[in-house]
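Q: Here you go, entry.txt (compact mmCIF, C-alpha atoms):
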```txt
# COMPACT_ATOMS: atom_id res chain seq x y z
CA MET A 1 10.55 8.17 -16.71
CA GLU A 2 9.19 5.93 -13.95
CA ILE A 3 9.44 6.90 -10.31
CA GLN A 4 9.21 4.26 -7.62
CA LEU A 5 8.09 4.97 -4.08
CA LEU A 6 6.76 1.49 -3.27
CA GLY A 7 10.16 0.21 -2.21
CA CYS A 8 13.43 2.13 -2.44
CA VAL A 9 12.97 5.59 -3.95
CA GLU A 10 14.17 5.31 -7.55
CA ALA A 11 13.84 7.01 -10.90
CA ARG A 12 14.33 4.92 -14.02
CA THR A 13 14.14 5.59 -17.73
CA ARG A 14 11.24 3.82 -19.41
CA SER A 15 13.23 3.02 -22.55
CA GLY A 16 16.18 1.20 -21.01
CA GLY A 17 15.21 0.94 -17.37
CA ASP A 18 18.41 2.71 -16.38
CA LYS A 19 18.47 3.88 -12.78
CA LEU A 20 19.30 7.54 -12.29
CA PRO A 21 22.00 8.26 -9.69
CA LEU A 22 20.42 10.37 -6.97
CA PRO A 23 22.23 11.74 -3.90
CA HIS A 24 20.31 11.21 -0.66
CA GLY A 25 19.04 14.80 -0.31
CA THR A 26 17.93 14.83 -3.95
CA LYS A 27 16.14 11.52 -3.45
CA LEU A 28 14.27 13.02 -0.48
CA LEU A 29 13.10 15.92 -2.62
CA LEU A 30 12.04 13.61 -5.44
CA ALA A 31 9.92 11.56 -3.04
CA ALA A 32 8.35 14.70 -1.55
CA LEU A 33 7.35 15.94 -5.01
CA ALA A 34 6.35 12.59 -6.52
CA TRP A 35 3.90 11.98 -3.68
CA THR A 36 1.58 14.41 -5.52
CA PRO A 37 2.73 14.24 -9.17
CA GLY A 38 1.84 17.24 -11.28
CA ALA A 39 0.69 19.25 -8.27
CA PHE A 40 2.16 22.45 -6.89
CA VAL A 41 4.04 21.90 -3.63
CA ALA A 42 4.96 24.99 -1.60
CA ASP A 43 8.52 25.61 -0.48
CA GLU A 44 7.56 25.38 3.18
CA THR A 45 5.88 22.01 2.63
CA LEU A 46 8.93 20.63 0.88
CA ILE A 47 11.26 21.96 3.57
CA GLU A 48 9.06 20.32 6.20
CA ARG A 49 9.12 17.00 4.37
CA VAL A 50 12.84 16.98 3.68
CA TRP A 51 14.28 18.61 6.82
CA GLN A 52 11.59 18.29 9.48
CA GLU A 53 14.00 17.39 12.26
CA ARG A 54 17.23 19.19 11.28
CA ARG A 55 16.57 22.27 9.23
CA PRO A 56 19.56 23.85 7.51
CA GLN A 57 20.42 27.40 8.50
CA HIS A 58 19.04 28.72 5.19
CA PRO A 59 16.36 26.18 4.21
CA ARG A 60 15.18 27.90 1.03
CA ASP A 61 18.73 28.12 -0.29
CA ALA A 62 19.24 24.46 0.55
CA LEU A 63 15.98 23.60 -1.20
CA TYR A 64 17.08 25.52 -4.29
CA ILE A 65 20.37 23.59 -4.37
CA GLN A 66 18.60 20.23 -4.11
CA ALA A 67 16.08 21.26 -6.77
CA THR A 68 18.93 22.21 -9.11
CA ARG A 69 20.59 18.83 -8.53
CA LEU A 70 17.32 17.01 -9.13
CA ARG A 71 16.64 18.95 -12.32
CA LYS A 72 20.09 18.02 -13.64
CA ALA A 73 19.53 14.36 -12.74
CA LEU A 74 16.24 14.33 -14.63
CA ARG A 75 17.84 15.74 -17.79
CA ALA A 76 19.63 13.80 -20.48
CA ASP A 77 21.85 15.60 -22.99
CA GLY A 78 20.28 18.89 -21.96
CA GLN A 79 16.76 17.68 -22.74
CA CYS A 80 13.91 16.93 -20.36
CA ALA A 81 14.07 13.23 -19.50
CA GLU A 82 11.17 11.36 -21.06
CA GLY A 83 8.39 13.79 -20.29
CA VAL A 84 9.29 14.64 -16.70
CA GLU A 85 10.40 18.08 -15.63
CA LEU A 86 10.87 19.96 -12.39
CA THR A 87 9.50 23.48 -12.75
CA ARG A 88 9.67 26.41 -10.41
CA LYS A 89 6.45 28.26 -9.62
CA ARG A 90 6.10 31.26 -7.36
CA GLY A 91 6.61 29.95 -3.83
CA GLY A 92 7.12 26.31 -4.74
CA TYR A 93 7.78 23.55 -7.28
CA VAL A 94 5.87 21.21 -9.58
CA LEU A 95 7.10 17.81 -10.74
CA ALA A 96 5.49 17.73 -14.18
CA ILE A 97 4.97 14.05 -14.98
CA ASP A 98 2.16 11.79 -16.09
CA GLU A 99 0.72 10.45 -12.82
CA HIS A 100 1.04 6.91 -14.19
CA GLY A 101 4.79 7.45 -14.17
CA VAL A 102 4.72 7.26 -10.36
CA ASP A 103 3.95 3.85 -8.90
CA THR A 104 1.89 5.14 -5.96
CA ALA A 105 -0.43 7.05 -8.31
CA ARG A 106 -0.68 4.03 -10.60
CA PHE A 107 -1.47 1.80 -7.60
CA ARG A 108 -4.30 4.07 -6.49
CA THR A 109 -5.76 4.31 -9.99
CA LEU A 110 -5.81 0.53 -10.36
CA VAL A 111 -7.43 0.12 -6.94
CA ARG A 112 -10.16 2.65 -7.81
CA ARG A 113 -10.86 0.83 -11.07
CA ALA A 114 -10.97 -2.50 -9.23
CA GLN A 115 -13.48 -1.09 -6.74
CA GLN A 116 -15.67 0.18 -9.59
CA GLU A 117 -15.58 -3.18 -11.36
CA ALA A 118 -16.38 -5.02 -8.12
CA ARG A 119 -19.42 -2.78 -7.53
CA ALA A 120 -20.53 -3.50 -11.09
CA GLY A 121 -20.36 -7.23 -10.43
CA GLU A 122 -17.29 -7.79 -12.65
CA SER A 123 -15.36 -9.82 -10.08
CA ASP A 124 -12.82 -11.39 -12.44
CA THR A 125 -11.89 -8.00 -13.90
CA ALA A 126 -11.64 -6.53 -10.40
CA VAL A 127 -9.37 -9.36 -9.25
CA GLY A 128 -7.09 -8.74 -12.23
CA LEU A 129 -6.87 -5.03 -11.48
CA TYR A 130 -6.10 -5.67 -7.82
CA SER A 131 -3.37 -8.09 -8.89
CA GLN A 132 -1.82 -5.44 -11.15
CA ALA A 133 -1.93 -2.91 -8.30
CA LEU A 134 -0.37 -5.25 -5.76
CA GLU A 135 2.39 -6.29 -8.16
CA LEU A 136 3.70 -2.71 -8.07
CA TRP A 137 4.90 -3.17 -4.48
CA ARG A 138 8.64 -3.82 -4.22
CA GLY A 139 8.87 -3.86 -0.44
CA GLU A 140 8.55 -1.30 2.33
CA PRO A 141 7.49 2.07 0.83
CA LEU A 142 10.21 4.74 0.80
CA SER A 143 12.41 2.17 2.50
CA ASP A 144 15.62 4.20 2.12
CA VAL A 145 14.09 7.48 3.34
CA ARG A 146 14.03 7.93 7.12
CA THR A 147 12.25 11.15 8.00
CA PRO A 148 9.07 11.84 10.00
CA TRP A 149 7.21 12.71 6.79
CA ALA A 150 8.34 9.47 5.14
CA GLU A 151 7.19 7.48 8.17
CA SER A 152 3.72 9.05 8.14
CA THR A 153 3.55 8.38 4.39
CA ARG A 154 4.50 4.75 5.00
CA VAL A 155 1.66 4.43 7.50
CA THR A 156 -0.81 5.70 4.88
CA LEU A 157 0.53 3.39 2.18
CA ARG A 158 0.60 0.35 4.47
CA ARG A 159 -3.07 0.92 5.26
CA GLU A 160 -3.95 1.21 1.57
CA HIS A 161 -1.94 -1.94 0.83
CA ARG A 162 -3.74 -3.86 3.55
CA GLU A 163 -7.15 -2.69 2.33
CA ALA A 164 -6.33 -3.73 -1.25
CA LEU A 165 -5.14 -7.16 -0.11
CA ILE A 166 -8.31 -7.69 1.93
CA ALA A 167 -10.60 -6.54 -0.88
CA SER A 168 -8.79 -8.82 -3.31
CA ALA A 169 -9.05 -11.79 -0.93
CA GLU A 170 -12.78 -11.20 -0.47
CA LEU A 171 -13.28 -11.31 -4.25
CA TYR A 172 -11.29 -14.54 -4.49
CA LEU A 173 -13.44 -16.07 -1.76
CA ARG A 174 -16.69 -14.99 -3.40
CA ALA A 175 -15.52 -16.57 -6.64
CA GLY A 176 -14.67 -19.85 -4.91
CA ARG A 177 -10.93 -19.34 -5.50
CA HIS A 178 -9.97 -19.79 -1.86
CA GLU A 179 -6.65 -21.54 -2.52
CA GLU A 180 -5.37 -18.58 -4.54
CA CYS A 181 -5.78 -16.07 -1.73
CA LEU A 182 -4.32 -18.21 1.07
CA PRO A 183 -0.72 -16.92 0.72
CA GLN A 184 -1.74 -13.27 1.03
CA LEU A 185 -4.11 -14.04 3.91
CA HIS A 186 -1.38 -15.92 5.79
CA TRP A 187 0.95 -12.94 5.24
CA LEU A 188 -1.72 -10.49 6.40
CA ALA A 189 -2.45 -12.54 9.51
CA GLU A 190 1.24 -12.55 10.37
CA MET A 191 1.57 -8.80 9.83
CA HIS A 192 -1.68 -7.96 11.66
CA PRO A 193 -1.97 -10.58 14.41
CA PHE A 194 -4.93 -8.86 16.15
CA ASP A 195 -6.98 -8.14 13.03
CA GLU A 196 -10.19 -10.10 13.41
CA LYS A 197 -11.34 -9.48 9.84
CA VAL A 198 -8.12 -10.90 8.41
CA THR A 199 -8.32 -13.90 10.73
CA GLY A 200 -11.94 -14.47 9.72
CA LEU A 201 -11.10 -14.45 6.02
CA LEU A 202 -8.19 -16.82 6.60
CA MET A 203 -10.44 -19.16 8.60
CA LEU A 204 -13.03 -19.11 5.83
CA ALA A 205 -10.45 -19.82 3.12
CA LEU A 206 -8.98 -22.72 5.11
CA HIS A 207 -12.43 -24.14 5.87
CA ARG A 208 -13.43 -24.02 2.22
CA GLY A 209 -10.22 -25.83 1.33
CA GLY A 210 -11.20 -28.71 3.61
CA ARG A 211 -8.85 -27.67 6.40
CA GLN A 212 -11.34 -27.29 9.23
CA ALA A 213 -8.80 -28.06 11.97
CA ASP A 214 -6.44 -25.35 10.66
CA ALA A 215 -9.31 -22.86 10.51
CA LEU A 216 -10.28 -23.58 14.11
CA HIS A 217 -6.64 -23.37 15.17
CA CYS A 218 -6.42 -19.84 13.70
CA TYR A 219 -9.30 -18.81 15.93
CA GLN A 220 -7.79 -20.36 19.04
CA VAL A 221 -4.43 -18.65 18.44
CA LEU A 222 -6.10 -15.25 18.05
CA ARG A 223 -8.37 -15.80 21.04
CA LEU A 224 -5.48 -16.78 23.36
CA ARG A 225 -3.43 -13.83 22.12
CA MET A 226 -6.28 -11.40 22.77
CA VAL A 227 -7.10 -12.80 26.20
CA ASP A 228 -3.46 -12.83 27.31
CA LEU A 229 -2.40 -9.46 25.91
CA LEU A 230 -5.58 -7.42 25.62
CA GLY A 231 -7.81 -8.98 28.25
CA CYS A 232 -10.75 -9.42 25.88
CA GLU A 233 -12.44 -12.01 23.67
CA PRO A 234 -12.85 -11.87 19.87
CA GLY A 235 -15.90 -9.98 18.63
CA PRO A 236 -19.32 -11.48 17.89
CA GLU A 237 -18.77 -11.83 14.12
CA LEU A 238 -15.62 -13.91 14.52
CA ARG A 239 -17.16 -15.99 17.32
CA SER A 240 -20.15 -16.66 15.07
CA LEU A 241 -17.89 -17.76 12.22
CA HIS A 242 -16.03 -20.07 14.60
CA GLU A 243 -19.30 -21.68 15.68
CA ARG A 244 -20.46 -22.09 12.08
CA ILE A 245 -17.20 -23.77 11.11
CA LEU A 246 -17.53 -26.10 14.09
CA ALA A 247 -21.05 -26.95 12.91
CA ARG A 248 -19.90 -27.29 9.28
CA ASP A 249 -22.53 -24.77 8.22
CA PRO A 250 -23.30 -25.49 4.52
CA ARG A 251 -23.88 -21.77 3.94
CA LEU A 252 -20.12 -21.25 4.20
CA ARG A 253 -19.58 -23.17 0.98
CA PRO A 254 -18.15 -21.19 -1.96
CA ARG A 255 -21.27 -21.42 -4.09
CA LEU A 256 -23.12 -19.17 -1.62
CA ALA A 257 -20.36 -16.54 -1.58
CA GLY A 258 -19.54 -16.61 2.11
CA ALA A 259 -21.58 -14.52 4.51
CA TYR A 260 -18.57 -13.52 6.59
CA ALA A 261 -16.61 -12.22 3.60
CA ALA A 262 -19.58 -10.21 2.46
CA SER A 263 -20.38 -8.71 5.83
CA ALA A 264 -16.93 -8.35 7.41
```
Rewrite the structure of this file - the entire thing - as structure tokens.
A:
Amino acid sequence: MEIQLLGCVEARTRSGGDKLPLPHGTKLLLAALAWTPGAFVADETLIERVWQERRPQHPRDALYIQATRLRKALRADGQCAEGVELTRKRGGYVLAIDEHGVDTARFRTLVRRAQQEARAGESDTAVGLYSQALELWRGEPLSDVRTPWAESTRVTLRREHREALIASAELYLRAGRHEECLPQLHWLAEMHPFDEKVTGLLMLALHRGGRQADALHCYQVLRLRMVDLLGCEPGPELRSLHERILARDPRLRPRLAGAYAASA
């Protein structure tokens, strides 16, 4: 069984990839449990996640009904579906599943391994692990679940996604593979128009690709946006990078690994 949270909430069989039909309330409960696979989640926590705004009159009874529906959905021919089972513990529930069967857990494991490889100087291996982690994303996390808990979870996951994209781009830049990270840096700059670190990495990648004018234009766009909307100038690190690009500082060349990417 594979559970997807990085996109629409789905549960699929590993053998055939068949999507399990899940009513909306059951899908909410699955997401609330799969967020911490294999861990005990108290009734009150689940009720808060599923019905934070509009609690049913008898929330524990409603929770029991949804848990029963979910358990039935996860079973095939009366047997536990591919190693996943919803079990009742005193005061709560546990979704017993290998953590790698949930895409958010798999994403985090791959990111941790990538960070370890990067610290060990294994940049190519780290880049590959980041790529595997980022490929798990299928769109907006929990995109078909609209509750306050789901929104706060989306905020957390968006931040982790951004950090993984930035770390991956930095490794590409250090390896001299600036063209390969340009698409994700352009996307990041569009999604985070006031992020000076993202803009700096994009400027560096463009500069290294021989596109000095485009790199300088990125700075001017950010600067005008900040002055007009925030009433402030970019920070000293980005201003320094802008000046070094203007001066065609040879230390920004790929073979020296990019001071801004290392220090940003």
Q: Give me the residues within 9 Å of Ile166 of chain A as a ChimeraX atom specification, counting only C-alpha atoms and dropping any in the same chain fewer than 6 places off.
A: /A:184-185,188,197-198,201
Q: Pick out the residues sitting within 10 Å of Val221 of chain A, and hand them over as a CSV table (one decimal) with C-alpha atoms, in the frame of the given file; count only C-alpha atoms, and ignore anything fewer than 5 positions along from it in its own chain.
A:
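Result file is part33.csv:
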```
chain,number,residue,atom,x,y,z
A,193,PRO,CA,-2.0,-10.6,14.4
A,199,THR,CA,-8.3,-13.9,10.7
A,216,LEU,CA,-10.3,-23.6,14.1
A,226,MET,CA,-6.3,-11.4,22.8
```
Q: Excluding Ala96 of chain A and its own-chain neighbours fewer than 5 positions away, which residues fall within 7 Å of it when counting all atoms listed in the file? Please give them as a ChimeraX atom specification.
A: /A:37-38,84-86
Q: Applying 9 Å and all atoms listed in the file, which residues near Ala32 of chain A remain after dropping the ones on its own chain fewer than 2 positions away? List them as a PyMOL selection string.
A: chain A and resi 27-30+34-36+41+45-46+49-50+149-150
Q: What lies within 8 Å of segment 127-138 of chain A using only C-alpha atoms, ignoring chain neighbours under 5 positions off, as a ChimeraX atom specification?
A: /A:6-8,103,106-108,110-111,113-114,161,164-165,168,171-172
Q: Taking all atoms listed in the file into account, name the residue in A:Ala213, A:Ala42, A:Ala120, A:Leu70 that is nearest to Arg90 of chain A.
A: A:Ala42
Q: Taking into account all atoms listed in the file, which residue in the set A:Leu74, A:Val145, A:Cys232, A:Leu33 is nearest to Gly92 of chain A?
A: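 Counting all atoms listed in the file, the residue closest to Gly92 of chain A is A:Leu33.
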Q: Rank nothing, just name the residue among A:Glu44, A:Gly83, A:Thr68, A:Leu95 nearest to Thr13 of chain A, using all atoms listed in the file.
A: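 That would be A:Gly83, the residue with the smallest distance to Thr13 of chain A.
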Q: How far is it from atom CA of Leu22 of chain A to atom CA of Arg159 of chain A, in Å with one decimal?
A: 28.1 Å
Q: Here's a test: counting all atoms listed in the file, identify every protein, DNA and RNA residue with an atom at most 12 Å from (-6.1, -12.2, 8.5) in the file's coordinate frame, and state them as a PDB file with C-alpha atoms, in the frame of the given file.
A:
```pdb
ATOM      1  CA  ARG A 162      -3.740  -3.860   3.550  1.00  0.00           C
ATOM      2  CA  GLU A 163      -7.150  -2.690   2.330  1.00  0.00           C
ATOM      3  CA  LEU A 165      -5.140  -7.160  -0.110  1.00  0.00           C
ATOM      4  CA  ILE A 166      -8.310  -7.690   1.930  1.00  0.00           C
ATOM      5  CA  ALA A 167     -10.600  -6.540  -0.880  1.00  0.00           C
ATOM      6  CA  ALA A 169      -9.050 -11.790  -0.930  1.00  0.00           C
ATOM      7  CA  GLU A 170     -12.780 -11.200  -0.470  1.00  0.00           C
ATOM      8  CA  CYS A 181      -5.780 -16.070  -1.730  1.00  0.00           C
ATOM      9  CA  LEU A 182      -4.320 -18.210   1.070  1.00  0.00           C
ATOM     10  CA  PRO A 183      -0.720 -16.920   0.720  1.00  0.00           C
ATOM     11  CA  GLN A 184      -1.740 -13.270   1.030  1.00  0.00           C
ATOM     12  CA  LEU A 185      -4.110 -14.040   3.910  1.00  0.00           C
ATOM     13  CA  HIS A 186      -1.380 -15.920   5.790  1.00  0.00           C
ATOM     14  CA  TRP A 187       0.950 -12.940   5.240  1.00  0.00           C
ATOM     15  CA  LEU A 188      -1.720 -10.490   6.400  1.00  0.00           C
ATOM     16  CA  ALA A 189      -2.450 -12.540   9.510  1.00  0.00           C
ATOM     17  CA  GLU A 190       1.240 -12.550  10.370  1.00  0.00           C
ATOM     18  CA  MET A 191       1.570  -8.800   9.830  1.00  0.00           C
ATOM     19  CA  HIS A 192      -1.680  -7.960  11.660  1.00  0.00           C
ATOM     20  CA  PRO A 193      -1.970 -10.580  14.410  1.00  0.00           C
ATOM     21  CA  PHE A 194      -4.930  -8.860  16.150  1.00  0.00           C
ATOM     22  CA  ASP A 195      -6.980  -8.140  13.030  1.00  0.00           C
ATOM     23  CA  GLU A 196     -10.190 -10.100  13.410  1.00  0.00           C
ATOM     24  CA  LYS A 197     -11.340  -9.480   9.840  1.00  0.00           C
ATOM     25  CA  VAL A 198      -8.120 -10.900   8.410  1.00  0.00           C
ATOM     26  CA  THR A 199      -8.320 -13.900  10.730  1.00  0.00           C
ATOM     27  CA  GLY A 200     -11.940 -14.470   9.720  1.00  0.00           C
ATOM     28  CA  LEU A 201     -11.100 -14.450   6.020  1.00  0.00           C
ATOM     29  CA  LEU A 202      -8.190 -16.820   6.600  1.00  0.00           C
ATOM     30  CA  MET A 203     -10.440 -19.160   8.600  1.00  0.00           C
ATOM     31  CA  LEU A 204     -13.030 -19.110   5.830  1.00  0.00           C
ATOM     32  CA  ALA A 205     -10.450 -19.820   3.120  1.00  0.00           C
ATOM     33  CA  LEU A 206      -8.980 -22.720   5.110  1.00  0.00           C
ATOM     34  CA  ALA A 215      -9.310 -22.860  10.510  1.00  0.00           C
ATOM     35  CA  CYS A 218      -6.420 -19.840  13.700  1.00  0.00           C
ATOM     36  CA  TYR A 219      -9.300 -18.810  15.930  1.00  0.00           C
ATOM     37  CA  VAL A 221      -4.430 -18.650  18.440  1.00  0.00           C
ATOM     38  CA  LEU A 222      -6.100 -15.250  18.050  1.00  0.00           C
ATOM     39  CA  LEU A 238     -15.620 -13.910  14.520  1.00  0.00           C
ATOM     40  CA  ALA A 261     -16.610 -12.220   3.600  1.00  0.00           C
ATOM     41  CA  ALA A 264     -16.930  -8.350   7.410  1.00  0.00           C
TER      42      ALA A 264
END
```
Q: Smallest atom-to-atom distance to Asp43 of chain A: which of A:Tyr64, A:Gly91, A:Leu142, A:Pro56, using all atoms listed in the file?
A: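 Looking only at the distances to Asp43 of chain A, the closest residue turns out to be A:Gly91.
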Q: To test the calculation: enclose all listed atoms of segment 137-145 of chain A in a box whose edges run along x, y and z, add 8 Å on each side, then state centre and edge lengths in Å to one decimal, as AutoDock Vina command-line options.
A:
```
--center_x 10.3 --center_y 1.8 --center_z -0.6 --size_x 26.7 --size_y 27.3 --size_z 23.8
```
Q: Measure the distance from atom CA of Phe40 of chain A to atom CA of Thr109 of chain A in Å and round it to one decimal.
A: 20.0 Å
Q: For a test of reading the model, state the distance in Å between atom CA of Ala39 of chain A and atom CA of Gln57 of chain A, rounded to one decimal.
A: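 It comes out at 27.1 Å.
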